[in-house]
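Student: Just so it is clear, I am handing over start_16.csv, which has CSV, C-alpha atoms (C1' of nucleotides).
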chain,number,residue,atom,x,y,z
A,899,MET,CA,0.0,0.0,0.0
A,900,LYS,CA,2.9,2.3,-0.3
A,901,SER,CA,3.3,3.1,-3.9
A,902,THR,CA,3.5,6.8,-4.6
A,903,ALA,CA,-0.2,7.5,-4.0
A,904,GLN,CA,-0.5,11.2,-3.4
A,905,ALA,CA,-3.3,12.6,-1.3
A,906,SER,CA,-4.4,9.2,-0.1
A,907,GLU,CA,-2.2,8.5,2.9
A,908,PRO,CA,-3.9,10.1,5.9
A,909,CYS,CA,-0.9,10.7,8.0
A,910,CYS,CA,-2.4,14.0,9.0
A,911,PRO,CA,-5.6,13.4,10.8
A,912,PRO,CA,-8.3,16.1,10.7
A,913,ALA,CA,-7.2,18.3,13.6
A,914,LYS,CA,-9.9,19.2,16.0
A,915,GLU,CA,-11.3,22.6,15.6
A,916,GLN,CA,-10.6,23.8,19.0
A,917,ALA,CA,-10.5,27.5,19.7
A,918,ASP,CA,-7.3,29.2,20.8
A,919,LEU,CA,-8.0,31.3,23.8
A,920,ARG,CA,-4.6,32.7,24.3
A,921,PRO,CA,-4.4,36.5,24.0
A,922,VAL,CA,-3.2,38.2,20.8
A,923,GLU,CA,-1.4,40.9,22.7
A,924,GLY,CA,1.2,41.2,25.4
A,925,ASP,CA,4.8,40.1,25.8
A,926,GLU,CA,4.0,36.4,25.2
A,927,ALA,CA,2.1,37.1,22.1
A,928,ASP,CA,4.9,39.3,20.8
A,929,GLU,CA,7.4,36.5,21.3
A,930,GLU,CA,5.0,34.1,19.6
A,931,LEU,CA,4.4,36.3,16.6
A,932,ALA,CA,8.1,37.0,16.3
A,933,THR,CA,8.8,33.3,16.3
A,934,LEU,CA,6.2,32.4,13.7
A,935,ALA,CA,7.2,35.4,11.6
A,936,LYS,CA,10.8,34.3,11.7
A,937,ALA,CA,9.8,30.8,10.5
A,938,LEU,CA,8.3,32.5,7.5
A,939,ALA,CA,11.1,34.9,7.0
A,940,HIS,CA,12.6,33.0,4.1
A,941,PRO,CA,11.0,32.6,0.7
A,942,ALA,CA,11.9,28.9,0.6
A,943,ARG,CA,10.0,28.3,3.8
A,944,VAL,CA,7.0,30.2,2.5
A,945,LYS,CA,7.1,28.0,-0.5
A,946,ILE,CA,7.3,24.9,1.6
A,947,VAL,CA,4.3,26.0,3.6
A,948,ARG,CA,2.3,26.6,0.4
A,949,ILE,CA,3.2,23.2,-1.0
A,950,LEU,CA,2.1,21.5,2.2
A,951,ILE,CA,-1.2,23.4,2.1
A,952,ARG,CA,-1.8,22.8,-1.6
A,953,LYS,CA,-1.3,19.1,-1.2
A,954,ASN,CA,-3.3,19.0,1.9
A,955,ALA,CA,-2.3,15.5,2.4
A,956,CYS,CA,1.3,15.1,3.5
A,957,ILE,CA,4.3,14.5,1.4
A,958,CYS,CA,7.9,13.8,2.1
A,959,GLY,CA,10.8,14.6,-0.1
A,960,ASP,CA,8.8,15.7,-3.1
A,961,ILE,CA,9.5,19.1,-1.6
A,962,VAL,CA,13.1,18.8,-2.5
A,963,ASP,CA,12.1,18.2,-6.1
A,964,GLU,CA,10.0,21.4,-6.1
A,965,LEU,CA,12.8,23.6,-4.7
A,966,PRO,CA,16.1,24.6,-6.3
A,967,LEU,CA,17.9,23.7,-3.1
A,968,ALA,CA,20.0,20.8,-1.9
A,969,GLN,CA,18.3,18.1,0.2
A,970,SER,CA,20.2,19.0,3.3
A,971,THR,CA,19.2,22.7,3.0
A,972,VAL,CA,15.5,21.7,2.6
A,973,SER,CA,15.8,19.5,5.6
A,974,GLN,CA,17.1,22.4,7.6
A,975,HIS,CA,14.2,24.6,6.5
A,976,LEU,CA,11.8,21.9,7.5
A,977,LYS,CA,13.4,21.7,10.9
A,978,VAL,CA,13.0,25.5,11.3
A,979,LEU,CA,9.3,25.2,10.4
A,980,LYS,CA,8.8,22.2,12.7
A,981,ASP,CA,10.6,23.9,15.6
A,982,ALA,CA,8.3,26.9,15.2
A,983,GLY,CA,5.3,24.5,15.4
A,984,LEU,CA,4.0,25.3,11.9
A,985,ILE,CA,4.4,21.8,10.5
A,986,ARG,CA,4.6,18.3,11.7
A,987,GLY,CA,6.6,15.4,10.5
A,988,ASP,CA,5.5,11.8,10.9
A,989,VAL,CA,7.8,8.9,10.0
A,990,ASP,CA,6.2,6.6,7.5
A,991,GLY,CA,8.5,3.7,6.8
A,992,PRO,CA,11.6,5.0,5.1
A,993,ARG,CA,10.0,8.4,4.4
A,994,VAL,CA,8.9,11.2,6.5
A,995,CYS,CA,5.5,12.7,6.0
A,996,TYR,CA,5.2,16.4,6.6
A,997,CYS,CA,2.0,18.4,6.9
A,998,ILE,CA,0.7,21.7,8.1
A,999,GLU,CA,-0.3,22.2,11.7
A,1000,PRO,CA,-3.6,23.9,11.1
A,1001,HIS,CA,-4.0,25.4,14.5
A,1002,ALA,CA,-0.6,27.1,14.2
A,1003,LEU,CA,-1.7,28.6,11.0
A,1004,ARG,CA,-4.9,29.8,12.6
A,1005,ARG,CA,-2.9,31.2,15.5
A,1006,LEU,CA,-0.6,33.1,13.1
A,1007,ARG,CA,-3.6,34.6,11.4
A,1008,ALA,CA,-5.1,35.6,14.7
A,1009,LEU,CA,-1.9,37.2,15.8
A,1010,VAL,CA,-1.5,39.2,12.6
A,1011,GLY,CA,-5.1,40.1,12.6
A,1012,GLY,CA,-4.7,41.3,16.2
A,1013,LEU,CA,-2.3,43.9,15.0
B,1321,MET,CA,8.3,76.5,2.6
B,1322,LYS,CA,6.6,74.1,4.7
B,1323,SER,CA,5.5,76.3,7.6
B,1324,THR,CA,2.2,74.6,8.3
B,1325,ALA,CA,3.4,71.8,10.5
B,1326,GLN,CA,1.7,72.3,13.7
B,1327,ALA,CA,2.1,70.1,16.8
B,1328,SER,CA,-1.4,68.8,16.9
B,1329,GLU,CA,-1.4,67.8,13.3
B,1330,PRO,CA,-0.9,64.1,12.9
B,1331,CYS,CA,2.0,63.5,10.5
B,1332,CYS,CA,0.2,60.5,9.1
B,1333,PRO,CA,-2.8,61.5,7.1
B,1334,PRO,CA,-5.6,59.0,6.6
B,1335,ALA,CA,-4.2,56.9,3.9
B,1336,LYS,CA,-6.4,56.4,0.9
B,1337,GLU,CA,-8.3,53.2,1.0
B,1338,GLN,CA,-7.2,51.8,-2.2
B,1339,ALA,CA,-7.5,48.1,-2.8
B,1340,ASP,CA,-4.3,46.1,-3.4
B,1341,LEU,CA,-4.8,44.1,-6.5
B,1342,ARG,CA,-1.6,42.2,-6.4
B,1343,PRO,CA,-1.8,38.4,-6.1
B,1344,VAL,CA,-1.4,36.6,-2.8
B,1345,GLU,CA,0.4,33.7,-4.4
B,1346,GLY,CA,3.3,33.1,-6.6
B,1347,ASP,CA,7.0,33.8,-6.4
B,1348,GLU,CA,6.6,37.5,-5.9
B,1349,ALA,CA,4.1,37.1,-3.1
B,1350,ASP,CA,6.4,34.6,-1.5
B,1351,GLU,CA,9.2,37.1,-1.5
B,1352,GLU,CA,6.9,39.8,-0.2
B,1353,LEU,CA,5.6,37.7,2.6
B,1354,ALA,CA,9.1,36.6,3.5
B,1355,THR,CA,10.2,40.2,3.6
B,1356,LEU,CA,7.3,41.3,5.8
B,1357,ALA,CA,7.7,38.3,8.0
B,1358,LYS,CA,11.4,39.0,8.5
B,1359,ALA,CA,10.5,42.5,9.5
B,1360,LEU,CA,8.4,41.1,12.3
B,1361,ALA,CA,10.8,38.4,13.2
B,1362,HIS,CA,12.0,40.1,16.3
B,1363,PRO,CA,10.0,40.8,19.5
B,1364,ALA,CA,11.3,44.3,19.7
B,1365,ARG,CA,10.0,45.1,16.2
B,1366,VAL,CA,6.6,43.6,17.0
B,1367,LYS,CA,6.4,45.8,20.0
B,1368,ILE,CA,7.3,48.8,18.0
B,1369,VAL,CA,4.6,48.1,15.5
B,1370,ARG,CA,2.1,47.7,18.4
B,1371,ILE,CA,3.2,51.0,19.9
B,1372,LEU,CA,2.7,52.8,16.6
B,1373,ILE,CA,-0.7,51.2,16.2
B,1374,ARG,CA,-1.8,52.0,19.8
B,1375,LYS,CA,-0.8,55.7,19.5
B,1376,ASN,CA,-2.3,55.9,16.1
B,1377,ALA,CA,-0.8,59.4,15.9
B,1378,CYS,CA,2.9,59.2,15.3
B,1379,ILE,CA,5.6,59.4,17.9
B,1380,CYS,CA,9.3,59.7,17.6
B,1381,GLY,CA,11.7,58.6,20.3
B,1382,ASP,CA,9.2,57.8,22.9
B,1383,ILE,CA,9.7,54.3,21.5
B,1384,VAL,CA,13.1,54.3,23.0
B,1385,ASP,CA,11.6,55.0,26.4
B,1386,GLU,CA,9.3,52.0,26.1
B,1387,LEU,CA,11.9,49.5,25.1
B,1388,PRO,CA,14.8,48.2,27.2
B,1389,LEU,CA,17.2,48.9,24.3
B,1390,ALA,CA,19.8,51.5,23.5
B,1391,GLN,CA,18.7,54.4,21.2
B,1392,SER,CA,20.9,53.2,18.4
B,1393,THR,CA,19.5,49.7,18.5
B,1394,VAL,CA,15.9,51.0,18.4
B,1395,SER,CA,16.9,53.2,15.5
B,1396,GLN,CA,18.2,50.1,13.7
B,1397,HIS,CA,14.9,48.3,14.3
B,1398,LEU,CA,13.0,51.3,13.0
B,1399,LYS,CA,15.1,51.2,9.9
B,1400,VAL,CA,14.4,47.5,9.3
B,1401,LEU,CA,10.7,48.2,9.6
B,1402,LYS,CA,10.9,51.2,7.3
B,1403,ASP,CA,12.9,49.3,4.7
B,1404,ALA,CA,10.2,46.6,4.7
B,1405,GLY,CA,7.6,49.3,4.1
B,1406,LEU,CA,5.7,48.7,7.3
B,1407,ILE,CA,6.3,52.1,8.8
B,1408,ARG,CA,7.0,55.6,7.7
B,1409,GLY,CA,9.2,58.3,9.2
B,1410,ASP,CA,8.6,61.9,8.6
B,1411,VAL,CA,11.0,64.5,9.8
B,1412,ASP,CA,9.3,67.1,12.0
B,1413,GLY,CA,11.8,69.7,13.1
B,1414,PRO,CA,14.4,68.1,15.3
B,1415,ARG,CA,12.3,64.9,15.8
B,1416,VAL,CA,11.2,62.2,13.5
B,1417,CYS,CA,7.6,61.1,13.5
B,1418,TYR,CA,7.0,57.4,12.8
B,1419,CYS,CA,3.8,55.9,11.9
B,1420,ILE,CA,2.3,52.7,10.5
B,1421,GLU,CA,1.8,52.2,6.8
B,1422,PRO,CA,-1.8,50.9,6.9
B,1423,HIS,CA,-1.7,49.5,3.4
B,1424,ALA,CA,1.4,47.4,4.3
B,1425,LEU,CA,-0.4,46.0,7.3
B,1426,ARG,CA,-3.4,45.2,5.2
B,1427,ARG,CA,-1.1,43.6,2.6
B,1428,LEU,CA,0.5,41.5,5.3
B,1429,ARG,CA,-2.9,40.3,6.5
B,1430,ALA,CA,-3.9,39.5,3.0
B,1431,LEU,CA,-0.8,37.5,2.4
B,1432,VAL,CA,-1.1,35.5,5.7
B,1433,GLY,CA,-4.8,35.1,5.0
B,1434,GLY,CA,-3.9,33.8,1.6
B,1435,LEU,CA,-2.1,30.9,3.1
C,17,DG,C1',26.8,82.8,17.4
C,18,DT,C1',26.5,78.8,21.8
C,19,DG,C1',24.5,75.1,23.8
C,20,DG,C1',21.2,71.4,24.1
C,21,DT,C1',18.1,67.9,22.2
C,22,DC,C1',16.9,64.4,18.9
C,23,DC,C1',18.2,61.0,15.9
C,24,DA,C1',20.9,58.4,12.1
C,25,DT,C1',25.0,56.2,11.1
C,26,DC,C1',29.5,54.1,11.9
C,27,DG,C1',32.5,50.7,13.8
C,28,DT,C1',32.8,46.5,16.2
C,29,DA,C1',32.0,42.1,18.5
C,30,DG,C1',29.4,38.0,19.0
C,31,DA,C1',25.5,35.0,17.8
C,32,DG,C1',22.9,33.0,14.5
C,33,DG,C1',21.2,31.9,9.6
C,34,DA,C1',21.9,29.8,4.9
C,35,DA,C1',24.0,27.1,1.8
C,36,DC,C1',26.5,22.9,0.4
C,37,DG,C1',28.7,18.1,0.4
C,38,DA,C1',29.6,14.1,3.1
C,39,DT,C1',28.3,10.8,6.4
C,40,DG,C1',25.3,7.7,8.6
C,41,DA,C1',20.8,5.8,10.7
C,42,DA,C1',16.5,3.6,9.6
C,43,DG,C1',13.8,1.2,6.6
C,44,DT,C1',12.4,-1.6,2.3
C,45,DC,C1',13.1,-4.8,-1.5
C,46,DG,C1',15.2,-8.6,-3.9
D,189,DC,C1',22.2,-10.9,4.0
D,190,DG,C1',23.2,-7.0,0.9
D,191,DA,C1',22.0,-3.2,-2.0
D,192,DC,C1',19.2,0.7,-2.3
D,193,DT,C1',16.2,4.6,-0.9
D,194,DT,C1',15.0,8.4,2.2
D,195,DC,C1',16.1,11.7,5.3
D,196,DA,C1',18.5,13.9,9.4
D,197,DT,C1',22.7,15.5,11.0
D,198,DC,C1',27.6,17.1,11.0
D,199,DG,C1',31.2,20.2,9.7
D,200,DT,C1',32.4,24.1,7.0
D,201,DT,C1',32.2,28.7,4.9
D,202,DC,C1',30.2,32.9,4.3
D,203,DC,C1',27.0,36.4,5.4
D,204,DT,C1',23.4,38.7,8.1
D,205,DC,C1',21.4,40.1,12.6
D,206,DT,C1',21.7,42.2,17.1
D,207,DA,C1',23.6,44.8,20.4
D,208,DC,C1',26.2,48.6,22.1
D,209,DG,C1',28.9,53.1,22.6
D,210,DA,C1',30.7,56.9,20.0
D,211,DT,C1',30.4,60.3,16.6
D,212,DG,C1',28.2,63.8,14.0
D,213,DG,C1',24.4,66.2,11.5
D,214,DA,C1',20.1,68.8,11.8
D,215,DC,C1',17.3,71.7,14.4
D,216,DC,C1',15.5,74.9,18.1
D,217,DA,C1',15.9,78.1,22.0
D,218,DC,C1',18.5,81.6,23.8
Please render this file's structure as structure tokens.

Tutor:
Amino acid sequence: MKSTAQASEPCCPPAKEQADLRPVEGDEADEELATLAKALAHPARVKIVRILIRKNACICGDIVDELPLAQSTVSQHLKVLKDAGLIRGDVDGPRVCYCIEPHALRRLRALVGGL
Amino acid sequence: MKSTAQASEPCCPPAKEQADLRPVEGDEADEELATLAKALAHPARVKIVRILIRKNACICGDIVDELPLAQSTVSQHLKVLKDAGLIRGDVDGPRVCYCIEPHALRRLRALVGGL
DNA sequence: GTGGTCCATCGTAGAGGAACGATGAAGTCG
DNA sequence: CGACTTCATCGTTCCTCTACGATGGACCAC
């Protein structure tokens, strides 16, 4: 069951639609917004996020094929996004399946909207 | 000459509410979002933006008093924000009057929302 | 003019980011 | 088992960011 089937492997379960009650202002919110913004502060990482949103199912190293960067560089960018909480990576056999963390994206929108 | 600059006049006139027709996807949008995100990728700069929004009129070096940073450091952060197009600085006598660029903020919201 | 305030810029030191190739761990297939 | 794939991590180089004090320009009051 593991033959290059795109958008069929559900490694990213439908996240529960739970409201985020944290404030959108204050020192903590500032730090949080700065962290999320820093994660998006590179065009390659913006592209990665877009790719993961477009193929809402998760993919692994197809990202490398879509970017003009070395595999190790892409892996670094993925790590930055993961450390910021924007994406998730689940091991699936020999591959790793990345996907968006929808609540982090919502949180980012809330913080930017709160400006 | 410009002798009509009175103290009570906000140096930031109500910007025209002109819609931004540029796309929220594509390579250019990626670069743009990365640039704006990088400008917000530091807590001090997030705080500066909030200060300028709160006092919707413009202020100058009161920002320095609100931050635990040296004047030169704050000036550098202001330059980063200005270069990114997020704020504007108008010289008003011996002071400089900073204020938000509302259309840049709207653009940022559109780009983040377009994710 | 002199003196004082406000602010940008310079110079510098240290920390962190971005890129790559090389290496190796973990897993799959024959 | 052995060969191959996939990906993270290491080590390196170069460049940018962040912070500060010091310097100097522009402006106002006197």

Student: Give me the chain B side of the contact with chain A, cut-off 8 Å, one line per residue showing its nearest atom pair and distance in Å at one decimal, counting only C-alpha atoms, sorted by chain and residue number, as JSON lines.

Tutor:
{"residue": "B:Asp1350", "atom": "CA", "partner": "A:Pro941", "partner_atom": "CA", "distance": 5.5}
{"residue": "B:Glu1351", "atom": "CA", "partner": "A:Pro941", "partner_atom": "CA", "distance": 5.3}
{"residue": "B:Leu1353", "atom": "CA", "partner": "A:Ala939", "partner_atom": "CA", "distance": 7.6}
{"residue": "B:Ala1354", "atom": "CA", "partner": "A:Ala939", "partner_atom": "CA", "distance": 4.4}
{"residue": "B:Thr1355", "atom": "CA", "partner": "A:Ala939", "partner_atom": "CA", "distance": 6.4}
{"residue": "B:Leu1356", "atom": "CA", "partner": "A:Ala939", "partner_atom": "CA", "distance": 7.5}
{"residue": "B:Ala1357", "atom": "CA", "partner": "A:Ala935", "partner_atom": "CA", "distance": 4.6}
{"residue": "B:Lys1358", "atom": "CA", "partner": "A:Ala939", "partner_atom": "CA", "distance": 4.4}
{"residue": "B:Leu1360", "atom": "CA", "partner": "A:Ala932", "partner_atom": "CA", "distance": 5.7}
{"residue": "B:Ala1361", "atom": "CA", "partner": "A:Ala932", "partner_atom": "CA", "distance": 4.3}
{"residue": "B:His1362", "atom": "CA", "partner": "A:Ala932", "partner_atom": "CA", "distance": 5.0}
{"residue": "B:Pro1363", "atom": "CA", "partner": "A:Ala932", "partner_atom": "CA", "distance": 5.3}
{"residue": "B:Val1366", "atom": "CA", "partner": "A:Asp928", "partner_atom": "CA", "distance": 6.0}
{"residue": "B:Lys1367", "atom": "CA", "partner": "A:Asp928", "partner_atom": "CA", "distance": 6.7}
{"residue": "B:Arg1370", "atom": "CA", "partner": "A:Leu1013", "partner_atom": "CA", "distance": 6.7}
{"residue": "B:Ile1373", "atom": "CA", "partner": "A:Leu1013", "partner_atom": "CA", "distance": 7.6}
{"residue": "B:Leu1428", "atom": "CA", "partner": "A:Val1010", "partner_atom": "CA", "distance": 7.9}
{"residue": "B:Arg1429", "atom": "CA", "partner": "A:Val1010", "partner_atom": "CA", "distance": 6.4}
{"residue": "B:Val1432", "atom": "CA", "partner": "A:Arg1007", "partner_atom": "CA", "distance": 6.3}
{"residue": "B:Gly1433", "atom": "CA", "partner": "A:Arg1007", "partner_atom": "CA", "distance": 6.5}
{"residue": "B:Leu1435", "atom": "CA", "partner": "A:Arg948", "partner_atom": "CA", "distance": 6.7}

Student: Can I get the selection written as a JSON list (two decimals), in the frame of the given file, with C-alpha atoms?

Tutor:
[["chain", "number", "residue", "atom", "x", "y", "z"],
["B", 1350, "ASP", "CA", 6.40, 34.60, -1.50],
["B", 1351, "GLU", "CA", 9.20, 37.10, -1.50],
["B", 1353, "LEU", "CA", 5.60, 37.70, 2.60],
["B", 1354, "ALA", "CA", 9.10, 36.60, 3.50],
["B", 1355, "THR", "CA", 10.20, 40.20, 3.60],
["B", 1356, "LEU", "CA", 7.30, 41.30, 5.80],
["B", 1357, "ALA", "CA", 7.70, 38.30, 8.00],
["B", 1358, "LYS", "CA", 11.40, 39.00, 8.50],
["B", 1360, "LEU", "CA", 8.40, 41.10, 12.30],
["B", 1361, "ALA", "CA", 10.80, 38.40, 13.20],
["B", 1362, "HIS", "CA", 12.00, 40.10, 16.30],
["B", 1363, "PRO", "CA", 10.00, 40.80, 19.50],
["B", 1366, "VAL", "CA", 6.60, 43.60, 17.00],
["B", 1367, "LYS", "CA", 6.40, 45.80, 20.00],
["B", 1370, "ARG", "CA", 2.10, 47.70, 18.40],
["B", 1373, "ILE", "CA", -0.70, 51.20, 16.20],
["B", 1428, "LEU", "CA", 0.50, 41.50, 5.30],
["B", 1429, "ARG", "CA", -2.90, 40.30, 6.50],
["B", 1432, "VAL", "CA", -1.10, 35.50, 5.70],
["B", 1433, "GLY", "CA", -4.80, 35.10, 5.00],
["B", 1435, "LEU", "CA", -2.10, 30.90, 3.10]]

Student: Would you kindly report the residues of chain A within 8 Å of chain D, using only C-alpha atoms (C1' of nucleotides), as a list in words?

Tutor: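 Going by the stated atoms only, the list reads Gly959, Ser973, Pro992, Arg993 and Val994 of chain A.
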
Student: Between atom CA of A:Lys953 and atom CA of A:Arg920, what is the distance, to one decimal in Å?

Tutor: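 Going from atom CA of A:Lys953 over to atom CA of A:Arg920, I get 29.1 Å.
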
Student: Counting all atoms listed in the file, collect the residues of chain B whose closest atom lies at most 12 Å from chain C, and write them out as a PyMOL selection string.

Tutor: chain B and resi 1380-1382+1384+1391-1399+1409+1411-1417

Student: Please produce a file of the residues just selected, as a PDB file, keeping the file's coordinate frame, where the atoms kept are C-alpha atoms.

Tutor:
ATOM      1  CA  CYS B1380       9.300  59.700  17.600  1.00  0.00           C
ATOM      2  CA  GLY B1381      11.700  58.600  20.300  1.00  0.00           C
ATOM      3  CA  ASP B1382       9.200  57.800  22.900  1.00  0.00           C
ATOM      4  CA  VAL B1384      13.100  54.300  23.000  1.00  0.00           C
ATOM      5  CA  GLN B1391      18.700  54.400  21.200  1.00  0.00           C
ATOM      6  CA  SER B1392      20.900  53.200  18.400  1.00  0.00           C
ATOM      7  CA  THR B1393      19.500  49.700  18.500  1.00  0.00           C
ATOM      8  CA  VAL B1394      15.900  51.000  18.400  1.00  0.00           C
ATOM      9  CA  SER B1395      16.900  53.200  15.500  1.00  0.00           C
ATOM     10  CA  GLN B1396      18.200  50.100  13.700  1.00  0.00           C
ATOM     11  CA  HIS B1397      14.900  48.300  14.300  1.00  0.00           C
ATOM     12  CA  LEU B1398      13.000  51.300  13.000  1.00  0.00           C
ATOM     13  CA  LYS B1399      15.100  51.200   9.900  1.00  0.00           C
ATOM     14  CA  GLY B1409       9.200  58.300   9.200  1.00  0.00           C
ATOM     15  CA  VAL B1411      11.000  64.500   9.800  1.00  0.00           C
ATOM     16  CA  ASP B1412       9.300  67.100  12.000  1.00  0.00           C
ATOM     17  CA  GLY B1413      11.800  69.700  13.100  1.00  0.00           C
ATOM     18  CA  PRO B1414      14.400  68.100  15.300  1.00  0.00           C
ATOM     19  CA  ARG B1415      12.300  64.900  15.800  1.00  0.00           C
ATOM     20  CA  VAL B1416      11.200  62.200  13.500  1.00  0.00           C
ATOM     21  CA  CYS B1417       7.600  61.100  13.500  1.00  0.00           C
TER      22      CYS B1417
END

Student: Could you check how far atom CA of B:His1423 sits from atom CA of A:Ala1002, in Å to one decimal?

Tutor: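 These atoms are spaced 24.9 Å apart.
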
Student: Do a least-squares overlay of chain B on chain A, C-alpha atoms all paired in order, then report the RMSD in Å.

Tutor: 3.2 Å

Student: Can you tell me how far atom CA of A:Lys980 sits from atom CA of A:Glu964, in Å to one decimal?

Tutor: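 It comes out at 18.9 Å.
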